[in-house]
$ cat model_29.cif   # mmCIF, C-alpha atoms
data_run
#
loop_
_atom_site.group_PDB
_atom_site.id
_atom_site.type_symbol
_atom_site.label_atom_id
_atom_site.label_comp_id
_atom_site.auth_asym_id
_atom_site.auth_seq_id
_atom_site.Cartn_x
_atom_site.Cartn_y
_atom_site.Cartn_z
ATOM 1 C CA MET A 1 16.357 -28.418 -21.457
ATOM 2 C CA ASN A 2 13.481 -25.941 -21.130
ATOM 3 C CA PRO A 3 14.866 -22.678 -19.671
ATOM 4 C CA SER A 4 11.791 -22.217 -17.473
ATOM 5 C CA GLU A 5 12.176 -25.622 -15.809
ATOM 6 C CA PRO A 6 14.142 -26.155 -12.601
ATOM 7 C CA HIS A 7 17.912 -26.281 -13.002
ATOM 8 C CA TRP A 8 20.009 -26.393 -9.839
ATOM 9 C CA GLY A 9 17.197 -24.723 -7.927
ATOM 10 C CA PHE A 10 16.723 -21.871 -10.379
ATOM 11 C CA LEU A 11 13.796 -20.913 -12.623
ATOM 12 C CA LEU A 12 13.019 -18.071 -14.962
ATOM 13 C CA TYR A 13 10.620 -15.536 -13.482
ATOM 14 C CA LYS A 14 9.532 -12.756 -15.830
ATOM 15 C CA GLY A 15 12.629 -13.444 -17.896
ATOM 16 C CA ILE A 16 15.019 -13.395 -14.945
ATOM 17 C CA ARG A 17 16.897 -16.456 -13.678
ATOM 18 C CA MET A 18 15.890 -16.845 -10.065
ATOM 19 C CA ASN A 19 16.085 -19.176 -7.109
ATOM 20 C CA LYS A 20 12.830 -21.200 -6.776
ATOM 21 C CA LYS A 21 12.251 -20.111 -3.192
ATOM 22 C CA ILE A 22 12.676 -16.455 -4.095
ATOM 23 C CA ARG A 23 10.394 -16.860 -7.099
ATOM 24 C CA THR A 24 7.672 -18.397 -4.942
ATOM 25 C CA ILE A 25 7.897 -15.597 -2.406
ATOM 26 C CA ARG A 26 7.910 -12.940 -5.132
ATOM 27 C CA GLU A 27 4.797 -14.460 -6.672
ATOM 28 C CA LYS A 28 3.138 -14.094 -3.263
ATOM 29 C CA ILE A 29 4.305 -10.458 -3.104
ATOM 30 C CA ASP A 30 2.911 -9.841 -6.607
ATOM 31 C CA ALA A 31 -0.497 -11.172 -5.527
ATOM 32 C CA ILE A 32 -0.448 -9.027 -2.383
ATOM 33 C CA ASP A 33 0.569 -5.979 -4.440
ATOM 34 C CA ARG A 34 -2.439 -6.455 -6.740
ATOM 35 C CA GLU A 35 -4.714 -6.408 -3.673
ATOM 36 C CA VAL A 36 -2.948 -3.380 -2.180
ATOM 37 C CA PHE A 37 -3.232 -1.493 -5.483
ATOM 38 C CA GLN A 38 -6.988 -2.070 -5.610
ATOM 39 C CA LEU A 39 -7.440 -1.102 -1.953
ATOM 40 C CA LEU A 40 -5.507 2.124 -2.549
ATOM 41 C CA ILE A 41 -7.716 2.953 -5.548
ATOM 42 C CA ASP A 42 -10.802 2.249 -3.404
ATOM 43 C CA ARG A 43 -9.350 4.576 -0.766
ATOM 44 C CA LEU A 44 -8.696 7.254 -3.402
ATOM 45 C CA GLU A 45 -12.339 7.110 -4.463
ATOM 46 C CA ALA A 46 -13.478 7.508 -0.836
ATOM 47 C CA VAL A 47 -11.050 10.383 -0.241
ATOM 48 C CA THR A 48 -12.247 12.127 -3.393
ATOM 49 C CA ALA A 49 -15.843 11.840 -2.171
ATOM 50 C CA ILE A 50 -14.855 13.306 1.205
ATOM 51 C CA GLY A 51 -13.109 16.168 -0.600
ATOM 52 C CA GLU A 52 -16.303 16.957 -2.498
ATOM 53 C CA VAL A 53 -18.323 17.074 0.742
ATOM 54 C CA LYS A 54 -15.704 19.286 2.399
ATOM 55 C CA LYS A 55 -15.841 21.704 -0.554
ATOM 56 C CA GLU A 56 -19.659 21.796 -0.492
ATOM 57 C CA GLU A 57 -19.683 22.494 3.242
ATOM 58 C CA GLY A 58 -16.685 24.836 3.281
ATOM 59 C CA LEU A 59 -14.659 22.551 5.543
ATOM 60 C CA PRO A 60 -10.842 22.539 5.628
ATOM 61 C CA ILE A 61 -8.961 19.746 3.886
ATOM 62 C CA LEU A 62 -6.671 19.140 6.848
ATOM 63 C CA ASP A 63 -8.222 17.205 9.728
ATOM 64 C CA GLN A 64 -5.301 16.761 12.098
ATOM 65 C CA SER A 65 -7.378 14.798 14.625
ATOM 66 C CA ARG A 66 -8.244 12.225 11.943
ATOM 67 C CA GLU A 67 -4.609 11.980 10.902
ATOM 68 C CA ASN A 68 -3.515 11.547 14.531
ATOM 69 C CA ALA A 69 -6.181 8.872 15.060
ATOM 70 C CA ILE A 70 -4.797 6.849 12.140
ATOM 71 C CA TYR A 71 -1.290 6.895 13.599
ATOM 72 C CA GLU A 72 -2.608 6.049 17.080
ATOM 73 C CA LYS A 73 -4.535 3.109 15.635
ATOM 74 C CA ILE A 74 -1.402 1.828 13.930
ATOM 75 C CA ASP A 75 0.585 2.151 17.174
ATOM 76 C CA SER A 76 -2.067 0.247 19.110
ATOM 77 C CA LEU A 77 -2.384 -2.636 16.650
ATOM 78 C CA PHE A 78 1.174 -3.373 15.590
ATOM 79 C CA SER A 79 4.652 -3.985 16.932
ATOM 80 C CA GLU A 80 7.096 -1.075 16.931
ATOM 81 C CA LYS A 81 8.810 -2.358 13.788
ATOM 82 C CA GLU A 82 5.503 -2.880 11.965
ATOM 83 C CA ALA A 83 4.118 0.464 13.175
ATOM 84 C CA THR A 84 7.182 2.339 11.938
ATOM 85 C CA PHE A 85 6.873 0.640 8.543
ATOM 86 C CA LEU A 86 3.155 1.395 8.265
ATOM 87 C CA LYS A 87 3.396 4.982 9.498
ATOM 88 C CA ASN A 88 6.104 5.751 6.935
ATOM 89 C CA ILE A 89 3.829 4.445 4.193
ATOM 90 C CA TYR A 90 0.791 6.217 5.606
ATOM 91 C CA GLN A 91 2.605 9.556 5.587
ATOM 92 C CA SER A 92 2.704 9.286 1.800
ATOM 93 C CA ILE A 93 -0.868 7.999 1.601
ATOM 94 C CA ILE A 94 -2.146 10.885 3.740
ATOM 95 C CA THR A 95 -0.150 13.459 1.767
ATOM 96 C CA GLU A 96 -1.562 12.142 -1.505
ATOM 97 C CA SER A 97 -5.049 11.916 0.010
ATOM 98 C CA LYS A 98 -4.960 15.619 0.908
ATOM 99 C CA LYS A 99 -4.014 16.425 -2.687
ATOM 100 C CA ALA A 100 -6.909 14.304 -3.973
ATOM 101 C CA GLU A 101 -9.370 16.043 -1.639
ATOM 102 C CA GLN A 102 -8.519 19.471 -3.089
#

$ encode --input "model_29.cif" --output "structure tokens"
Amino acid sequence: MNPSEPHWGFLLYKGIRMNKKIRTIREKIDAIDREVFQLLIDRLEAVTAIGEVKKEEGLPILDQSRENAIYEKIDSLFSEKEATFLKNIYQSIITESKKAEQ
């Protein structure tokens, strides 16, 4: 029997024996992660460009109104559970963005 073929509902995924349903969902997560990674890199490039403009014009890195607007947008578009999830992630994104702008 080929170890990567189904056996009692299990398959090998990246060398790990795994339920077929879980494997399918994880493959979807992996594809989403690749997209998220690229979007975050695109965002980093935009943030870096903003940082350069702020330096040229002597503007502060922190723009609290922009930060607040992001959180307000999240609250207006998503359920409480989703908004909490996204705002926790965005806290890290915003923190790292400020570092990249410097």

$ closest_residue --input "model_29.cif" --among "A:Asn68, A:Thr24, A:Gln102, A:Ser79" --to "A:Ile50" --atoms "only C-alpha atoms"
A:Gln102

$ residues_around --input "model_29.cif" --residues "A:Ala83" --least-positions-apart "4" --cutoff "12 Å" --atoms "only C-alpha atoms" --output "JSON, numbers by chain"
{"A": [70, 71, 72, 73, 74, 75, 76, 77, 78, 79, 87, 88, 89, 90, 91]}

$ write_last_selection --input "model_29.cif" --atoms "C-alpha atoms" --output "PDB file, in the coordinates of the input"
ATOM      1  CA  ILE A  70      -4.797   6.849  12.140  1.00  0.00           C
ATOM      2  CA  TYR A  71      -1.290   6.895  13.599  1.00  0.00           C
ATOM      3  CA  GLU A  72      -2.608   6.049  17.080  1.00  0.00           C
ATOM      4  CA  LYS A  73      -4.535   3.109  15.635  1.00  0.00           C
ATOM      5  CA  ILE A  74      -1.402   1.828  13.930  1.00  0.00           C
ATOM      6  CA  ASP A  75       0.585   2.151  17.174  1.00  0.00           C
ATOM      7  CA  SER A  76      -2.067   0.247  19.110  1.00  0.00           C
ATOM      8  CA  LEU A  77      -2.384  -2.636  16.650  1.00  0.00           C
ATOM      9  CA  PHE A  78       1.174  -3.373  15.590  1.00  0.00           C
ATOM     10  CA  SER A  79       4.652  -3.985  16.932  1.00  0.00           C
ATOM     11  CA  LYS A  87       3.396   4.982   9.498  1.00  0.00           C
ATOM     12  CA  ASN A  88       6.104   5.751   6.935  1.00  0.00           C
ATOM     13  CA  ILE A  89       3.829   4.445   4.193  1.00  0.00           C
ATOM     14  CA  TYR A  90       0.791   6.217   5.606  1.00  0.00           C
ATOM     15  CA  GLN A  91       2.605   9.556   5.587  1.00  0.00           C
TER      16      GLN A  91
END

$ atom_distance --input "model_29.cif" --atom1 "atom CA of A:Glu96" --atom2 "atom CA of A:Glu45"
12.3 Å

$ residues_around --input "model_29.cif" --residues "A:Leu62" --least-positions-apart "5" --cutoff "10 Å" --atoms "all atoms listed in the file" --output "MDAnalysis selection string"
chainID A and resid 67 94 98 101

$ atom_distance --input "model_29.cif" --atom1 "atom CA of A:Val36" --atom2 "atom CA of A:Leu86"
13.0 Å

$ atom_distance --input "model_29.cif" --atom1 "atom CA of A:Lys99" --atom2 "atom CA of A:Gln38"
19.0 Å

$ axis_aligned_box --input "model_29.cif" --around "stretch 35-45 of chain A" --padding-each-side "5 Å" --output "lines of an AutoDock Vina configuration file"
center_x = -7.6
center_y = 0.4
center_z = -3.2
size_x = 19.4
size_y = 23.7
size_z = 14.8

$ decode --input "model_29.cif" --residues "stretch 38-65 of chain A" --atoms "N, CA and C atoms" --output "PDB file, in the first residue's frame"
ATOM      1  N   GLN A  38       1.625  37.604   0.629  1.00  0.00           N
ATOM      2  CA  GLN A  38       1.908  38.555  -0.448  1.00  0.00           C
ATOM      3  C   GLN A  38       1.236  39.893  -0.184  1.00  0.00           C
ATOM      4  N   LEU A  39       0.012  39.882   0.313  1.00  0.00           N
ATOM      5  CA  LEU A  39      -0.679  41.134   0.632  1.00  0.00           C
ATOM      6  C   LEU A  39       0.049  41.905   1.729  1.00  0.00           C
ATOM      7  N   LEU A  40       0.581  41.192   2.716  1.00  0.00           N
ATOM      8  CA  LEU A  40       1.333  41.860   3.782  1.00  0.00           C
ATOM      9  C   LEU A  40       2.636  42.464   3.254  1.00  0.00           C
ATOM     10  N   ILE A  41       3.284  41.791   2.329  1.00  0.00           N
ATOM     11  CA  ILE A  41       4.498  42.351   1.708  1.00  0.00           C
ATOM     12  C   ILE A  41       4.136  43.578   0.890  1.00  0.00           C
ATOM     13  N   ASP A  42       3.023  43.523   0.148  1.00  0.00           N
ATOM     14  CA  ASP A  42       2.555  44.688  -0.610  1.00  0.00           C
ATOM     15  C   ASP A  42       2.276  45.852   0.339  1.00  0.00           C
ATOM     16  N   ARG A  43       1.681  45.550   1.480  1.00  0.00           N
ATOM     17  CA  ARG A  43       1.382  46.578   2.479  1.00  0.00           C
ATOM     18  C   ARG A  43       2.676  47.164   3.043  1.00  0.00           C
ATOM     19  N   LEU A  44       3.661  46.306   3.299  1.00  0.00           N
ATOM     20  CA  LEU A  44       4.958  46.767   3.794  1.00  0.00           C
ATOM     21  C   LEU A  44       5.594  47.753   2.812  1.00  0.00           C
ATOM     22  N   GLU A  45       5.509  47.452   1.538  1.00  0.00           N
ATOM     23  CA  GLU A  45       6.084  48.345   0.530  1.00  0.00           C
ATOM     24  C   GLU A  45       5.376  49.703   0.546  1.00  0.00           C
ATOM     25  N   ALA A  46       4.039  49.689   0.681  1.00  0.00           N
ATOM     26  CA  ALA A  46       3.283  50.938   0.742  1.00  0.00           C
ATOM     27  C   ALA A  46       3.621  51.727   1.999  1.00  0.00           C
ATOM     28  N   VAL A  47       3.728  51.031   3.124  1.00  0.00           N
ATOM     29  CA  VAL A  47       4.058  51.681   4.398  1.00  0.00           C
ATOM     30  C   VAL A  47       5.455  52.296   4.329  1.00  0.00           C
ATOM     31  N   THR A  48       6.382  51.597   3.736  1.00  0.00           N
ATOM     32  CA  THR A  48       7.743  52.111   3.593  1.00  0.00           C
ATOM     33  C   THR A  48       7.737  53.392   2.761  1.00  0.00           C
ATOM     34  N   ALA A  49       6.946  53.407   1.698  1.00  0.00           N
ATOM     35  CA  ALA A  49       6.842  54.607   0.861  1.00  0.00           C
ATOM     36  C   ALA A  49       6.242  55.772   1.649  1.00  0.00           C
ATOM     37  N   ILE A  50       5.224  55.489   2.456  1.00  0.00           N
ATOM     38  CA  ILE A  50       4.634  56.536   3.295  1.00  0.00           C
ATOM     39  C   ILE A  50       5.677  57.061   4.285  1.00  0.00           C
ATOM     40  N   GLY A  51       6.460  56.167   4.865  1.00  0.00           N
ATOM     41  CA  GLY A  51       7.507  56.579   5.794  1.00  0.00           C
ATOM     42  C   GLY A  51       8.505  57.517   5.146  1.00  0.00           C
ATOM     43  N   GLU A  52       8.855  57.264   3.901  1.00  0.00           N
ATOM     44  CA  GLU A  52       9.791  58.129   3.185  1.00  0.00           C
ATOM     45  C   GLU A  52       9.190  59.519   2.992  1.00  0.00           C
ATOM     46  N   VAL A  53       7.917  59.588   2.620  1.00  0.00           N
ATOM     47  CA  VAL A  53       7.248  60.881   2.443  1.00  0.00           C
ATOM     48  C   VAL A  53       7.174  61.623   3.772  1.00  0.00           C
ATOM     49  N   LYS A  54       6.836  60.909   4.839  1.00  0.00           N
ATOM     50  CA  LYS A  54       6.760  61.555   6.158  1.00  0.00           C
ATOM     51  C   LYS A  54       8.112  62.129   6.566  1.00  0.00           C
ATOM     52  N   LYS A  55       9.193  61.395   6.290  1.00  0.00           N
ATOM     53  CA  LYS A  55      10.535  61.895   6.618  1.00  0.00           C
ATOM     54  C   LYS A  55      10.844  63.154   5.805  1.00  0.00           C
ATOM     55  N   GLU A  56      10.568  63.104   4.505  1.00  0.00           N
ATOM     56  CA  GLU A  56      10.839  64.246   3.623  1.00  0.00           C
ATOM     57  C   GLU A  56      10.089  65.490   4.081  1.00  0.00           C
ATOM     58  N   GLU A  57       8.863  65.300   4.560  1.00  0.00           N
ATOM     59  CA  GLU A  57       8.012  66.427   4.920  1.00  0.00           C
ATOM     60  C   GLU A  57       8.011  66.730   6.420  1.00  0.00           C
ATOM     61  N   GLY A  58       8.828  65.986   7.173  1.00  0.00           N
ATOM     62  CA  GLY A  58       8.941  66.225   8.603  1.00  0.00           C
ATOM     63  C   GLY A  58       7.671  65.906   9.378  1.00  0.00           C
ATOM     64  N   LEU A  59       6.925  64.930   8.904  1.00  0.00           N
ATOM     65  CA  LEU A  59       5.671  64.539   9.556  1.00  0.00           C
ATOM     66  C   LEU A  59       5.927  63.432  10.577  1.00  0.00           C
ATOM     67  N   PRO A  60       5.112  63.378  11.635  1.00  0.00           N
ATOM     68  CA  PRO A  60       5.284  62.310  12.631  1.00  0.00           C
ATOM     69  C   PRO A  60       4.885  60.947  12.078  1.00  0.00           C
ATOM     70  N   ILE A  61       5.501  59.913  12.597  1.00  0.00           N
ATOM     71  CA  ILE A  61       5.182  58.546  12.188  1.00  0.00           C
ATOM     72  C   ILE A  61       3.774  58.174  12.646  1.00  0.00           C
ATOM     73  N   LEU A  62       3.457  58.509  13.878  1.00  0.00           N
ATOM     74  CA  LEU A  62       2.157  58.139  14.437  1.00  0.00           C
ATOM     75  C   LEU A  62       1.056  59.021  13.865  1.00  0.00           C
ATOM     76  N   ASP A  63       0.032  58.391  13.325  1.00  0.00           N
ATOM     77  CA  ASP A  63      -1.172  59.085  12.867  1.00  0.00           C
ATOM     78  C   ASP A  63      -2.344  58.383  13.539  1.00  0.00           C
ATOM     79  N   GLN A  64      -2.644  58.816  14.758  1.00  0.00           N
ATOM     80  CA  GLN A  64      -3.660  58.143  15.563  1.00  0.00           C
ATOM     81  C   GLN A  64      -5.026  58.139  14.881  1.00  0.00           C
ATOM     82  N   SER A  65      -5.353  59.185  14.141  1.00  0.00           N
ATOM     83  CA  SER A  65      -6.659  59.221  13.468  1.00  0.00           C
ATOM     84  C   SER A  65      -6.743  58.130  12.400  1.00  0.00           C
TER      85      SER A  65
END
